[in-house]
Structure formats: structure tokens, C-alpha cells
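Colleague: Dropping in work.csv, with CSV, C-alpha atoms.
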chain,number,residue,atom,x,y,z
A,3,MET,CA,39.9,-108.2,99.6
A,4,ALA,CA,40.0,-110.7,102.6
A,5,ASP,CA,40.4,-113.7,100.3
A,6,GLY,CA,43.4,-112.1,98.5
A,7,THR,CA,41.6,-111.3,95.2
A,8,LEU,CA,41.8,-107.8,93.7
A,9,PRO,CA,38.7,-105.6,93.6
A,10,PRO,CA,37.1,-105.2,90.2
A,11,VAL,CA,38.6,-102.3,88.2
A,12,SER,CA,36.2,-99.8,86.6
A,13,SER,CA,36.9,-98.5,83.1
A,14,TYR,CA,35.5,-95.1,84.1
A,15,PRO,CA,37.7,-92.5,85.8
A,16,PRO,CA,36.7,-91.4,89.3
A,17,ALA,CA,34.2,-88.6,89.3
A,18,ALA,CA,35.9,-85.2,89.8
A,19,PRO,CA,34.3,-82.4,91.7
A,20,PRO,CA,32.7,-79.8,89.3
A,21,GLN,CA,35.2,-77.1,88.3
A,22,LYS,CA,34.3,-73.6,89.5
A,23,THR,CA,34.1,-71.1,86.7
A,24,THR,CA,37.0,-68.6,87.0
A,25,LEU,CA,36.4,-64.8,86.9
A,26,ARG,CA,38.4,-64.6,83.6
A,27,GLN,CA,36.2,-67.3,82.0
A,28,ARG,CA,33.0,-65.6,83.3
A,29,LEU,CA,34.0,-62.3,81.8
A,30,ALA,CA,34.9,-64.0,78.5
A,31,ASP,CA,31.5,-65.5,78.5
A,32,LEU,CA,30.0,-62.0,79.0
A,33,ARG,CA,32.0,-60.6,76.1
A,34,GLY,CA,31.3,-63.5,73.7
A,35,PRO,CA,33.5,-66.5,72.9
A,36,ALA,CA,35.1,-64.9,69.8
A,37,VAL,CA,35.3,-61.3,71.1
A,38,PRO,CA,38.7,-60.1,72.3
A,39,PRO,CA,38.7,-58.0,75.5
A,40,ARG,CA,38.9,-54.2,74.9
A,41,PRO,CA,41.7,-52.8,77.1
A,42,LEU,CA,41.0,-50.1,79.5
A,43,ASP,CA,42.6,-46.7,78.9
A,44,ALA,CA,42.9,-43.4,80.9
A,45,ARG,CA,39.8,-42.0,79.2
A,46,SER,CA,37.6,-44.9,80.2
A,47,LEU,CA,38.9,-44.9,83.7
A,48,ALA,CA,38.3,-41.2,84.0
A,49,ALA,CA,34.8,-41.6,82.7
A,50,LEU,CA,34.2,-44.2,85.5
A,51,ALA,CA,35.3,-41.6,88.0
A,52,ALA,CA,32.9,-39.1,86.5
A,53,ASN,CA,29.9,-41.4,87.1
A,54,PRO,CA,30.8,-43.6,90.0
A,55,GLY,CA,27.3,-44.9,90.6
A,56,CYS,CA,26.9,-46.7,87.2
A,57,GLY,CA,27.2,-50.4,87.7
A,58,ARG,CA,26.6,-51.0,84.0
A,59,ARG,CA,29.7,-49.2,82.9
A,60,ALA,CA,31.8,-50.7,85.7
A,61,LEU,CA,30.8,-54.3,84.6
A,62,LEU,CA,31.2,-53.7,80.9
A,63,ASP,CA,34.5,-52.0,81.2
A,64,GLY,CA,35.7,-54.6,83.7
A,65,ALA,CA,34.8,-57.4,81.3
A,66,GLY,CA,36.4,-55.6,78.4
A,67,VAL,CA,33.2,-55.3,76.4
A,68,ASP,CA,33.4,-53.0,73.3
A,69,LYS,CA,30.7,-50.6,74.2
A,70,GLY,CA,30.8,-48.9,70.8
A,71,ALA,CA,30.0,-52.2,68.9
A,72,LEU,CA,27.4,-53.0,71.6
A,73,ALA,CA,25.7,-49.6,71.1
A,74,ALA,CA,25.6,-50.1,67.3
A,75,ALA,CA,24.1,-53.6,67.7
A,76,LEU,CA,21.4,-52.1,70.0
A,77,GLY,CA,20.5,-49.6,67.3
A,78,SER,CA,21.8,-46.6,69.3
A,79,PRO,CA,25.3,-45.9,67.9
A,80,ALA,CA,27.5,-43.4,69.6
A,81,ALA,CA,27.6,-40.1,67.7
A,82,PHE,CA,30.4,-38.3,69.5
A,83,GLY,CA,34.1,-38.0,69.1
A,84,GLN,CA,36.9,-35.6,68.4
A,85,SER,CA,36.9,-34.0,64.9
A,86,GLN,CA,39.9,-34.5,62.6
A,87,PHE,CA,40.5,-30.8,62.7
A,88,ALA,CA,40.7,-30.8,66.5
A,89,ILE,CA,43.1,-33.7,66.4
A,90,VAL,CA,45.4,-32.0,63.9
A,91,ARG,CA,45.3,-28.8,65.9
A,92,GLY,CA,46.0,-30.6,69.2
A,93,ASN,CA,49.0,-32.5,67.7
A,94,SER,CA,50.4,-29.2,66.2
A,95,PHE,CA,50.1,-27.5,69.6
A,96,GLU,CA,51.7,-30.4,71.5
A,97,ALA,CA,54.6,-30.4,69.0
A,98,LYS,CA,55.1,-26.7,69.6
A,99,VAL,CA,55.1,-27.1,73.4
A,100,LYS,CA,57.7,-29.9,73.3
A,101,GLY,CA,59.9,-28.3,70.7
A,102,ASP,CA,63.5,-27.4,71.3
A,103,GLY,CA,63.9,-30.4,73.7
A,104,GLY,CA,61.0,-29.4,75.8
A,105,ALA,CA,62.7,-26.2,76.9
A,106,GLU,CA,59.4,-24.2,77.2
A,107,LEU,CA,57.6,-27.0,78.9
A,108,LEU,CA,60.3,-27.4,81.5
A,109,ARG,CA,60.4,-23.7,82.0
A,110,LEU,CA,56.7,-23.7,82.8
A,111,ALA,CA,57.1,-26.7,85.1
A,112,HIS,CA,59.9,-24.9,87.0
A,113,THR,CA,58.0,-21.6,87.2
A,114,LEU,CA,54.7,-23.1,88.5
A,115,LEU,CA,55.9,-26.2,90.4
A,116,GLY,CA,59.7,-26.1,90.6
A,117,GLY,CA,59.9,-24.7,94.2
A,118,ALA,CA,63.5,-24.2,95.3
A,119,ALA,CA,64.9,-26.3,92.4
A,120,GLU,CA,67.4,-24.8,90.0
A,121,PRO,CA,65.9,-23.7,86.7
A,122,PRO,CA,66.3,-26.2,83.9
A,123,GLY,CA,69.4,-25.6,81.7
A,124,PRO,CA,70.8,-27.0,78.5
A,125,ASP,CA,71.7,-30.2,80.4
A,126,ALA,CA,68.0,-31.2,80.8
A,127,ARG,CA,67.5,-34.8,79.8
A,128,VAL,CA,65.0,-36.2,77.3
A,129,PRO,CA,65.5,-40.0,77.3
A,130,ASP,CA,64.6,-42.2,74.4
A,131,LEU,CA,61.7,-44.4,75.5
A,132,THR,CA,61.5,-46.6,72.3
A,133,ALA,CA,60.9,-50.3,73.0
A,134,ALA,CA,58.9,-53.2,71.5
A,135,GLY,CA,55.3,-53.4,72.5
A,136,PRO,CA,53.5,-51.7,75.5
A,137,GLU,CA,55.2,-54.1,78.0
A,138,GLY,CA,58.6,-53.1,76.7
A,139,ARG,CA,57.8,-49.4,76.7
A,140,ALA,CA,56.4,-49.6,80.2
A,141,ALA,CA,59.6,-51.3,81.4
A,142,ARG,CA,61.8,-48.7,79.6
A,143,THR,CA,59.7,-45.9,81.1
A,144,ALA,CA,60.2,-47.3,84.6
A,145,LEU,CA,63.9,-47.5,84.0
A,146,ALA,CA,64.1,-43.9,82.7
A,147,LEU,CA,62.2,-42.7,85.8
A,148,ARG,CA,64.6,-44.5,88.1
A,149,GLU,CA,67.6,-43.1,86.3
A,150,ALA,CA,66.2,-39.5,86.3
A,151,THR,CA,65.5,-39.7,90.0
A,152,ALA,CA,69.0,-40.9,90.7
A,153,ALA,CA,70.6,-38.3,88.5
A,154,GLY,CA,68.9,-35.4,90.2
A,155,ALA,CA,68.5,-33.4,87.0
A,156,TRP,CA,65.5,-32.0,85.1
A,157,THR,CA,64.1,-34.7,82.8
A,158,LEU,CA,61.3,-34.7,80.4
A,159,LEU,CA,59.7,-38.0,79.4
A,160,ASP,CA,57.8,-37.6,76.2
A,161,HIS,CA,54.8,-39.9,75.9
A,162,PRO,CA,55.9,-42.4,78.5
A,163,MET,CA,54.1,-45.7,78.9
A,164,LEU,CA,52.7,-46.5,82.4
A,165,ALA,CA,51.2,-49.8,83.6
A,166,LEU,CA,48.3,-50.0,86.0
A,167,GLU,CA,46.6,-53.2,87.1
A,168,VAL,CA,42.8,-52.9,86.8
A,169,ALA,CA,40.5,-55.8,87.7
A,170,GLY,CA,43.4,-58.2,87.6
A,171,THR,CA,44.6,-57.2,84.1
A,172,PRO,CA,47.3,-54.6,83.1
A,173,ALA,CA,46.1,-51.4,81.5
A,174,TYR,CA,48.7,-49.5,79.6
A,175,LEU,CA,48.4,-45.7,79.8
A,176,GLU,CA,50.2,-43.0,77.8
A,177,PRO,CA,50.2,-39.4,79.3
A,178,ASP,CA,51.4,-36.5,77.2
A,179,ALA,CA,54.5,-36.1,79.3
A,180,VAL,CA,56.0,-36.6,82.8
A,181,VAL,CA,58.5,-34.1,84.2
A,182,VAL,CA,61.1,-35.2,86.9
A,183,ASP,CA,62.6,-32.3,88.8
A,184,PRO,CA,66.0,-32.4,90.6
A,185,GLY,CA,64.3,-33.2,93.9
A,186,GLY,CA,62.9,-36.4,92.6
A,187,ARG,CA,59.3,-35.3,92.2
A,188,TRP,CA,57.4,-36.7,89.2
A,189,THR,CA,54.7,-34.4,87.7
A,190,VAL,CA,52.1,-35.4,85.1
A,191,VAL,CA,51.7,-33.0,82.2
A,192,GLU,CA,48.4,-32.7,80.3
A,193,ILE,CA,48.6,-30.8,77.0
A,194,LYS,CA,45.2,-29.7,75.7
A,195,SER,CA,44.2,-27.6,72.7
A,196,PHE,CA,41.3,-25.6,74.4
A,197,PRO,CA,42.3,-22.1,75.3
A,198,MET,CA,43.1,-20.6,78.7
A,199,ILE,CA,41.7,-17.1,78.6
A,200,ASP,CA,42.9,-14.6,81.3
A,201,GLY,CA,44.4,-17.6,83.2
A,202,ALA,CA,41.2,-19.6,83.3
A,203,ALA,CA,39.8,-22.4,81.1
A,204,ASP,CA,36.4,-24.0,80.7
A,205,SER,CA,35.7,-25.7,84.0
A,206,ALA,CA,34.1,-28.8,82.4
A,207,LYS,CA,37.1,-29.4,80.2
A,208,VAL,CA,39.5,-28.8,83.1
A,209,GLY,CA,37.6,-31.3,85.2
A,210,ALA,CA,37.8,-33.9,82.5
A,211,ALA,CA,41.5,-33.3,82.1
A,212,ALA,CA,42.0,-33.6,85.9
A,213,ARG,CA,40.1,-36.9,86.0
A,214,GLN,CA,42.3,-38.3,83.2
A,215,ALA,CA,45.5,-37.0,84.8
A,216,ALA,CA,44.5,-38.6,88.1
A,217,VAL,CA,44.6,-42.0,86.4
A,218,TYR,CA,48.2,-41.3,85.4
A,219,VAL,CA,49.1,-40.2,88.9
A,220,LEU,CA,47.8,-43.5,90.3
A,221,ALA,CA,49.9,-45.4,87.7
A,222,LEU,CA,53.0,-43.3,88.6
A,223,GLU,CA,52.5,-44.0,92.3
A,224,ARG,CA,52.8,-47.8,91.7
A,225,THR,CA,56.2,-47.2,90.0
A,226,ALA,CA,57.4,-44.6,92.5
A,227,GLY,CA,56.8,-47.0,95.4
A,228,LYS,CA,59.8,-49.1,94.1
A,229,VAL,CA,62.1,-46.1,93.5
A,230,PRO,CA,64.0,-44.7,96.5
A,231,GLY,CA,63.7,-40.9,96.7
A,232,ALA,CA,60.8,-40.6,94.3
A,233,GLU,CA,57.6,-38.7,94.9
A,234,VAL,CA,54.6,-38.2,92.7
A,235,GLY,CA,53.2,-34.7,92.8
A,236,HIS,CA,49.5,-34.3,93.6
A,237,ARG,CA,49.4,-31.3,91.3
A,238,VAL,CA,49.5,-31.8,87.6
A,239,LEU,CA,50.6,-29.3,85.0
A,240,LEU,CA,47.8,-28.3,82.5
A,241,VAL,CA,49.2,-26.7,79.4
A,242,CYS,CA,46.9,-24.9,77.0
A,243,PRO,CA,47.1,-22.1,74.3
A,244,LYS,CA,47.2,-18.7,75.9
A,245,ASP,CA,44.1,-16.6,75.1
A,246,PHE,CA,43.4,-16.7,71.4
A,247,SER,CA,47.0,-17.4,70.3
A,248,ASN,CA,49.0,-20.6,69.8
A,249,LEU,CA,51.5,-19.7,72.6
A,250,PRO,CA,51.6,-22.1,75.5
A,251,THR,CA,50.6,-21.2,79.0
A,252,ALA,CA,50.0,-23.5,82.0
A,253,ALA,CA,48.3,-23.8,85.4
A,254,PRO,CA,48.8,-26.3,88.2
A,255,VAL,CA,45.7,-28.4,88.9
A,256,ASP,CA,45.2,-30.3,92.2
A,257,VAL,CA,43.9,-33.8,91.4
A,258,ARG,CA,43.7,-35.3,95.0
A,259,ARG,CA,39.9,-35.4,94.9
A,260,GLU,CA,39.9,-37.0,91.4
A,261,ARG,CA,42.5,-39.4,92.4
A,262,ALA,CA,40.5,-40.6,95.4
A,263,VAL,CA,37.4,-41.1,93.3
A,264,THR,CA,39.2,-43.0,90.6
A,265,LEU,CA,40.9,-45.2,93.2
A,266,ARG,CA,37.5,-46.1,94.7
A,267,GLN,CA,36.2,-46.9,91.2
A,268,MET,CA,39.1,-49.1,90.5
A,269,GLU,CA,38.5,-50.9,93.8
A,270,ARG,CA,34.9,-51.4,92.7
A,271,LEU,CA,36.2,-52.9,89.4
A,272,THR,CA,38.2,-55.4,91.3
A,273,ARG,CA,34.9,-56.6,92.7
A,274,VAL,CA,33.4,-57.0,89.3
A,275,GLU,CA,33.0,-60.6,90.1
A,276,GLU,CA,30.1,-59.6,92.5
A,277,LEU,CA,28.4,-57.7,89.7
A,278,ALA,CA,28.8,-60.6,87.3
A,279,ALA,CA,27.5,-63.1,89.9
A,280,GLU,CA,24.2,-61.4,90.0
A,281,LEU,CA,23.5,-61.9,86.3
A,282,PRO,CA,21.6,-65.0,85.0
A,283,ALA,CA,23.6,-67.8,83.5
A,284,GLY,CA,24.0,-67.6,79.7
A,285,LEU,CA,23.7,-63.8,79.6
A,286,SER,CA,26.1,-62.3,77.0
A,287,PHE,CA,26.9,-58.9,75.6
A,288,ASP,CA,28.2,-60.4,72.3
A,289,PRO,CA,27.4,-57.8,69.5
A,290,ALA,CA,26.6,-60.8,67.2
A,291,ARG,CA,23.5,-61.7,69.2
A,292,PRO,CA,20.0,-60.4,68.2
A,293,ALA,CA,19.2,-56.9,69.3
A,294,GLY,CA,16.3,-58.1,71.5
A,295,GLU,CA,18.7,-60.4,73.5
A,296,LEU,CA,21.2,-57.6,73.9
A,297,THR,CA,18.6,-55.2,75.1
A,298,GLU,CA,17.5,-57.7,77.7
A,299,ALA,CA,21.1,-58.4,78.7
A,300,VAL,CA,22.0,-54.7,79.1
A,301,SER,CA,18.8,-54.0,81.1
A,302,ALA,CA,19.9,-56.7,83.6
A,303,VAL,CA,22.6,-54.4,84.8
A,304,GLY,CA,21.7,-51.2,86.7
A,305,ALA,CA,22.8,-47.9,85.2
A,306,ALA,CA,23.0,-44.3,86.4
A,307,TYR,CA,22.3,-42.2,83.4
A,308,ALA,CA,22.9,-38.4,83.4
A,309,PRO,CA,23.3,-35.9,80.5
A,310,GLU,CA,27.0,-35.8,81.1
A,311,CYS,CA,27.2,-39.4,79.8
A,312,LEU,CA,26.6,-38.2,76.3
A,313,ALA,CA,30.1,-36.9,76.1
A,314,ALA,CA,31.9,-39.9,77.7
A,315,CYS,CA,30.1,-43.2,77.1
A,316,GLU,CA,29.2,-45.1,74.0
A,317,LEU,CA,26.0,-46.5,75.5
A,318,ALA,CA,24.7,-43.0,76.5
A,319,PHE,CA,22.1,-42.8,73.8
A,320,HIS,CA,20.7,-46.2,74.6
A,321,CYS,CA,20.6,-45.4,78.3
A,322,ARG,CA,19.0,-42.0,77.7
A,323,GLU,CA,16.2,-43.6,75.7
A,324,ARG,CA,15.5,-46.2,78.5
A,325,SER,CA,15.8,-43.5,81.2
A,326,ARG,CA,13.2,-41.3,79.4
A,327,ALA,CA,10.9,-44.2,78.9
A,328,ALA,CA,11.1,-44.9,82.7
A,329,GLY,CA,10.4,-41.3,83.5
A,330,ASP,CA,13.7,-40.9,85.4
A,331,PRO,CA,14.2,-37.3,86.4
A,332,ALA,CA,18.0,-37.8,86.1
A,333,THR,CA,17.5,-37.3,82.3
A,334,LEU,CA,17.0,-33.6,83.2
A,335,GLY,CA,20.3,-33.6,85.2
A,336,ARG,CA,21.7,-34.8,88.5
A,337,SER,CA,20.8,-31.6,90.2
A,338,VAL,CA,17.1,-31.9,89.2
A,339,ARG,CA,17.1,-35.5,90.5
A,340,GLY,CA,18.5,-34.3,93.8
A,341,GLU,CA,16.1,-31.5,94.2
A,342,LEU,CA,13.1,-33.8,93.7
A,343,GLY,CA,13.9,-35.9,96.7
A,344,GLY,CA,11.4,-38.7,97.1
A,345,LEU,CA,9.7,-38.0,93.8
A,346,THR,CA,11.4,-40.6,91.7
A,347,THR,CA,9.7,-40.1,88.3
A,348,VAL,CA,8.8,-37.2,86.1
A,349,ASP,CA,5.1,-38.2,86.2
A,350,ALA,CA,5.2,-38.1,90.0
A,351,ALA,CA,6.7,-34.6,89.9
A,352,LEU,CA,4.1,-33.4,87.5
A,353,ALA,CA,1.3,-34.9,89.6
A,354,ALA,CA,2.7,-33.2,92.7
A,355,ALA,CA,2.8,-29.9,90.9
A,356,GLY,CA,-0.9,-30.2,90.0
A,357,SER,CA,-2.1,-31.6,93.3
A,358,PRO,CA,-4.4,-29.5,95.4
A,359,ALA,CA,-2.9,-27.6,98.3
A,360,PRO,CA,-4.0,-28.4,101.9
A,361,ALA,CA,-7.2,-26.6,102.9
A,362,GLU,CA,-6.6,-23.4,104.9
A,363,GLY,CA,-6.2,-24.2,108.5
A,364,ALA,CA,-5.5,-27.9,107.8
A,365,SER,CA,-2.4,-29.5,109.2
A,366,GLU,CA,0.6,-29.4,106.8
A,367,GLU,CA,2.7,-31.9,108.7
A,368,GLY,CA,2.1,-34.6,106.1
A,369,ASP,CA,2.6,-32.2,103.1
A,370,ASP,CA,5.8,-33.0,101.2
A,371,PRO,CA,8.0,-29.8,101.0
A,372,THR,CA,9.1,-30.8,97.5
A,373,ALA,CA,5.5,-31.1,96.4
A,374,ALA,CA,4.7,-27.7,98.0
A,375,ALA,CA,7.6,-26.1,96.1
A,376,LEU,CA,6.4,-27.6,92.8
A,377,ARG,CA,2.8,-26.4,93.4
A,378,ARG,CA,4.1,-22.9,94.1
A,379,ALA,CA,6.3,-22.9,91.0
A,380,SER,CA,3.4,-24.1,88.9
A,381,ARG,CA,1.1,-21.4,90.3
A,382,LEU,CA,3.7,-18.7,89.6
A,383,ARG,CA,4.2,-20.0,86.1
A,384,ALA,CA,0.4,-19.9,85.4
A,385,GLU,CA,0.2,-16.3,86.8
A,386,ALA,CA,3.1,-15.2,84.6
A,387,LEU,CA,1.5,-16.7,81.5
A,388,GLU,CA,-1.9,-15.0,82.4
A,389,LEU,CA,-0.2,-11.7,82.9
A,390,ALA,CA,1.7,-12.0,79.6
A,391,ALA,CA,-1.6,-12.9,77.7
A,392,ALA,CA,-3.4,-9.9,79.2
A,393,ARG,CA,-0.7,-7.4,78.4
A,394,PRO,CA,-1.4,-5.4,75.2
A,395,PRO,CA,1.1,-5.8,72.4
A,396,HIS,CA,3.9,-3.2,72.1
A,397,PRO,CA,3.0,-0.5,69.6
A,398,ALA,CA,5.2,-0.1,66.6
A,399,PRO,CA,7.9,2.6,67.0
A,400,GLU,CA,6.9,5.9,65.4
A,401,GLY,CA,9.3,7.6,63.0
A,402,PRO,CA,10.4,7.7,59.4
A,403,ALA,CA,10.6,4.5,57.5
A,404,CYS,CA,14.0,2.8,57.4
A,405,PRO,CA,15.9,4.2,54.4
A,406,CYS,CA,17.4,0.7,53.8
For the file at hand, write its structure as C-alpha cells.
Modeller:
Amino acid sequence: MADGTLPPVSSYPPAAPPQKTTLRQRLADLRGPAVPPRPLDARSLAALAANPGCGRRALLDGAGVDKGALAAALGSPAAFGQSQFAIVRGNSFEAKVKGDGGAELLRLAHTLLGGAAEPPGPDARVPDLTAAGPEGRAARTALALREATAAGAWTLLDHPMLALEVAGTPAYLEPDAVVVDPGGRWTVVEIKSFPMIDGAADSAKVGAAARQAAVYVLALERTAGKVPGAEVGHRVLLVCPKDFSNLPTAAPVDVRRERAVTLRQMERLTRVEELAAELPAGLSFDPARPAGELTEAVSAVGAAYAPECLAACELAFHCRERSRAAGDPATLGRSVRGELGGLTTVDAALAAAGSPAPAEGASEEGDDPTAAALRRASRLRAEALELAAARPPHPAPEGPACPC
């Protein structure tokens, strides 16, 4: 001070500005204080690509919420999954495909995707990818890919470990195999146990495999960007049993569209902070909370239910129940929802089907074309039922009684 004395010293520390909650802490609060994050895998990322409009799944997966435990706490446990028989059959078929050092698998890769490269011979490489933990295996895989590209020889990587950063955290992905050809091209291999009959397989299963393979392609691209001469193929090799046998056959599948959709979904996951910021403070998806609180918490995040969710999302049964209660026509399928246009509920569609048609000679400019189509379909159905009721029953066939 001016008189030389020191100012009084306060025993309280100076007030610090309030600390902003980090995204990691916010996501931990959404999961619950004692709930560890559930890591993302290729299946969950592929499911995101299959339903890109579902903010609920994007937020829950980005926060690492265990959707299976959440669904059980809500009273709608997931009732899907691969049977033990299917798992054993798939493992047996994969072992057959990769037998003899992967000779048959490399032959298929050369025949369908090899281009001008020399066919694989006995000098094909199958490096050992053993390492401690997923981080160590991912590092060992990256080194093996670099060495295979530099060697310019056919190389088969059996169950490599790939790392892909999603929403700021690493996700570790394990494809069935990756083939490196002498030209330095890396090809993802998906081995499935569903059959390929006359060169074609079930389109829904092929689509699911393509979405999953697209995730591996994205992860490989991150590694290939650091390796001179490396290129990731946009076609993956789908290997399945031929017809009704256990012999392997294969087909190339272009995954550029699936890759683009998955990339957009991953970019949306990086903006999961925006989805979390719209939620009220204190909201949590901790399965230990009462079912009523969890129902309210889940309802606070918008969803986009469709029947396809039943095969890919643990919350599908809960979302279906809520969607039916709200009269959402998407419960009948995305195509139905699209056909109904501005009729956003099932009740609205039924009301439109039963509404009176415009009087003859009246202007139809304001008449909704969707409502007109529903009225016509309802009229045709009623006429068909009347015709069927008026038709006499078919007489019994004449002839001797059946000797049996």
C-alpha cells in the first residue's frame, strides 16, 4: 500500500473459473459412473451404416453404452444372436479355407482379383501376428503389412488386428483375413458360412457382409497412408460354401458405397458431443437405474426404427414397441413409410383410406394423391371381399373314395 504496509492476506484461494465438462466425462456420466465403456467393433459400425438416421444408436455407441444390458433393464431383452451350431459350422469352414497355408484362399484371390500378378506359389508368406494385447497385435499387423508390401510377394494375414479411431477412441477390428498381392494391393477377405448357389448368395446377407468389410477397408486405409506403394482395394473377397457342399467359392464385392456411408456415420460419431449437449443434465443410461428413469432417458434421444433393426440392434424390441405405440408407419418397413409421404401415422393412413372421395365435378387440386391411392386400394379390397363372399363354394370332386 502507499504507507508501506502489506495488504491483508486471505486464507481462501482465489476463485477459479468453473471447469468445463470434457466430452469424455460427459460420455462417462451417460454410461454411469461404474460402467466401463463398451468398445466399438466392426459389427456395430456396420449396423450404424445400415441405419444412418438413428441418433439413438449413434449416441449410445459413441458413449460406449452396453445396449444389451440397457435393453434387459428396460424389460425388452434382445432375443437374437448366432446359434452355437452356426458358429461351429463357420469356424470349421474357415479352417478349411485357410488350410494348407491358405493356398486355396490365395488361389481364389489371384483368380478373381489378381490381375496381371503372378499366381501364388509355395513361397507365399503367412506371417505370425502374435503379440500381447490388441495394441500389440495392431502394431504387429501394421509391421507385417509394411514388410509384405516391400517384399512384393503374395502374403496372407490370418486374423490381423486393425486399429481405427472412432469418436476419439481407438476401436480394434479383426477381419477374417487380408491378402497382399505382389503389386502392393491389400484386399479384405470375408469368410461366411452361408451358401453361394449358382454364383449368387442371399442379397441381405451379402449386404451385411459388405458393410462389415467396408469398416475393415477404412481401417486399412489409415495404415496404407503411411506405407509407400500400398493400395487398399475397393473390392473385397467374399468366400462362401459352393452350392450345398463345403467346398469354398468366392466372389468380389464392391464396397465403395458402403465405405462412403460408414465414413459419414463415423464423422457423425465424432460429433456425438452435439447429440449429448441436447440432453438434460443428470440424464444417464446406467442399467442400474430404475426402468422408468431409463425409459425416459432413452426416449430423450430420437430413433429411426425399421424392421431391419431386429437383426442388428439390441434395443430393437424396445424401439419397436414405442414405434408401434406412436403409430409410426416405419414399423411396417421403410418402403411403406416412404410411400405414405405426408401421412406420418398409421391412423392417418387409415383415416385417409376411409375418407370420402371428392364429389363428381369438384376440383381435386387439394386432394392428396397418397390419400386417393389409399381410397382406391380400400375400394378394390372391399370389392374383392364382396366377390369372394358371393361366389359359391367349390363342389367336392366326384370319383371313387380314396383307397388310403
Colleague: Box for region 104-115 of chain A: with edges along x, y and z, all listed atoms inside and 5 Å added on each side, what are the centre and edge lengths in Å to one decimal, as JSON?
Modeller:
{"center_x": 58.7, "center_y": -25.5, "center_z": 83.1, "size_x": 18.0, "size_y": 17.8, "size_z": 24.6}
Colleague: Can you pull out the residues contacting region 374-385 of chain A? Cut-off 9 Å, using all atoms listed in the file, and skip same-chain residues under 2 positions away; I want them as a list in words.
Modeller: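 Neighbouring residues, sequence-local ones excluded: Ala351, Leu352, Ala354, Ala355, Gly356, Ser357, Pro358, Ala359, Asp369, Asp370, Pro371, Thr372, Leu387, Glu388, Leu389 and Ala390 of chain A.
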Colleague: One decimal, Å: what's the distance from CA of Met163 (chain A) over to CA of Pro136 (chain A), could you say?
Modeller: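 So the two atoms, CA of Met163 (chain A) and CA of Pro136 (chain A), lie 6.9 Å apart.
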Colleague: Please determine, counting all atoms listed in the file, which residue among A:Gln267, A:Thr347, A:Ser301, A:Gln214 has the shortest atom-to-atom distance to Gly55 (chain A).
Modeller: A:Gln267
Colleague: Select from region 104-191 of chain A every residue with an atom at most 10 Å from any atom of region 247-263 of chain A, then for each give the shortest pair of atoms and their distance in Å to one decimal, using all atoms listed in the file, rows by chain and rising number, as JSON lines.
Modeller:
{"residue": "A:Glu106", "atom": "CA", "partner": "A:Pro250", "partner_atom": "CA", "distance": 8.3}
{"residue": "A:Leu107", "atom": "CA", "partner": "A:Pro250", "partner_atom": "CA", "distance": 8.5}
{"residue": "A:Leu110", "atom": "CA", "partner": "A:Ala252", "partner_atom": "CA", "distance": 6.8}
{"residue": "A:Ala111", "atom": "CA", "partner": "A:Ala252", "partner_atom": "CA", "distance": 8.4}
{"residue": "A:Thr113", "atom": "CA", "partner": "A:Ala252", "partner_atom": "CA", "distance": 9.7}
{"residue": "A:Leu114", "atom": "CA", "partner": "A:Pro254", "partner_atom": "CA", "distance": 6.7}
{"residue": "A:Leu115", "atom": "CA", "partner": "A:Pro254", "partner_atom": "CA", "distance": 7.4}
{"residue": "A:Val191", "atom": "CA", "partner": "A:Pro254", "partner_atom": "CA", "distance": 9.4}
Colleague: Do a neighbour search on Leu61 (chain A) at 10 Å with all atoms listed in the file, toss out local chain neighbours closer than 5 positions, and write the hits as a list of chain:residue names.
Modeller: A:Leu29, A:Leu32, A:Cys56, A:Gly66, A:Val67, A:Arg270, A:Leu271, A:Arg273, A:Val274, A:Glu275, A:Glu276, A:Leu277, A:Ala278, A:Val303, A:Gly304
Colleague: Let's have the selection written as a short mmCIF file (atom, residue, chain, number, x, y, z; two decimals), in the frame of the given file, with C-alpha atoms.
Modeller:
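The resulting out.cif:
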data_model
loop_
_atom_site.label_atom_id
_atom_site.label_comp_id
_atom_site.auth_asym_id
_atom_site.auth_seq_id
_atom_site.Cartn_x
_atom_site.Cartn_y
_atom_site.Cartn_z
CA LEU A 29 34.00 -62.30 81.80
CA LEU A 32 30.00 -62.00 79.00
CA CYS A 56 26.90 -46.70 87.20
CA GLY A 66 36.40 -55.60 78.40
CA VAL A 67 33.20 -55.30 76.40
CA ARG A 270 34.90 -51.40 92.70
CA LEU A 271 36.20 -52.90 89.40
CA ARG A 273 34.90 -56.60 92.70
CA VAL A 274 33.40 -57.00 89.30
CA GLU A 275 33.00 -60.60 90.10
CA GLU A 276 30.10 -59.60 92.50
CA LEU A 277 28.40 -57.70 89.70
CA ALA A 278 28.80 -60.60 87.30
CA VAL A 303 22.60 -54.40 84.80
CA GLY A 304 21.70 -51.20 86.70
#
Colleague: Just want the 7 Å neighbourhood of Leu175 (chain A), counted on all atoms listed in the file, with same-chain residues fewer than 6 positions away dropped. Output as a PDB file with C-alpha atoms, in the frame of the given file.
Modeller:
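Output below, filename around.pdb:
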ATOM      1  CA  ASP A  43      42.600 -46.700  78.900  1.00  0.00           C
ATOM      2  CA  ALA A  44      42.900 -43.400  80.900  1.00  0.00           C
ATOM      3  CA  MET A 163      54.100 -45.700  78.900  1.00  0.00           C
ATOM      4  CA  LEU A 164      52.700 -46.500  82.400  1.00  0.00           C
ATOM      5  CA  ALA A 165      51.200 -49.800  83.600  1.00  0.00           C
TER       6      ALA A 165
END
Colleague: Which residue is closest to Ala203 (chain A)? Choose from A:Arg28, A:Leu240, A:Ser85, A:Leu220 and count all atoms listed in the file.
Modeller: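 Looking only at the distances to Ala203 (chain A), the closest residue turns out to be A:Leu240.
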Colleague: If we count all atoms listed in the file and set the cut-off at 12 Å, which residues sit around Arg58 (chain A), ignoring sequence neighbours fewer than 5 positions away in its own chain? Please answer as a ChimeraX atom specification.
Modeller: /A:50,53,63-65,67,69,271,274,277-278,281,287,299-307,315-318,321
Colleague: My list of candidates is A:Tyr218, A:Phe196, A:Phe319, A:Phe246. Which is closest to Ile89 (chain A) when distances are computed with only C-alpha atoms?
Modeller: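 Closest candidate: A:Phe196.
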Colleague: Which residue, A:His112, A:Arg393, A:Leu342, A:Val229, has the smallest gap to Ala373 (chain A) when you use all atoms listed in the file?
Modeller: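 Counting all atoms listed in the file, the residue closest to Ala373 (chain A) is A:Leu342.
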Colleague: Could you please determine the separation between CA of Gly103 (chain A) and CA of Gly201 (chain A) in Å, to one decimal place?
Modeller: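 These two atoms are separated by 25.2 Å.
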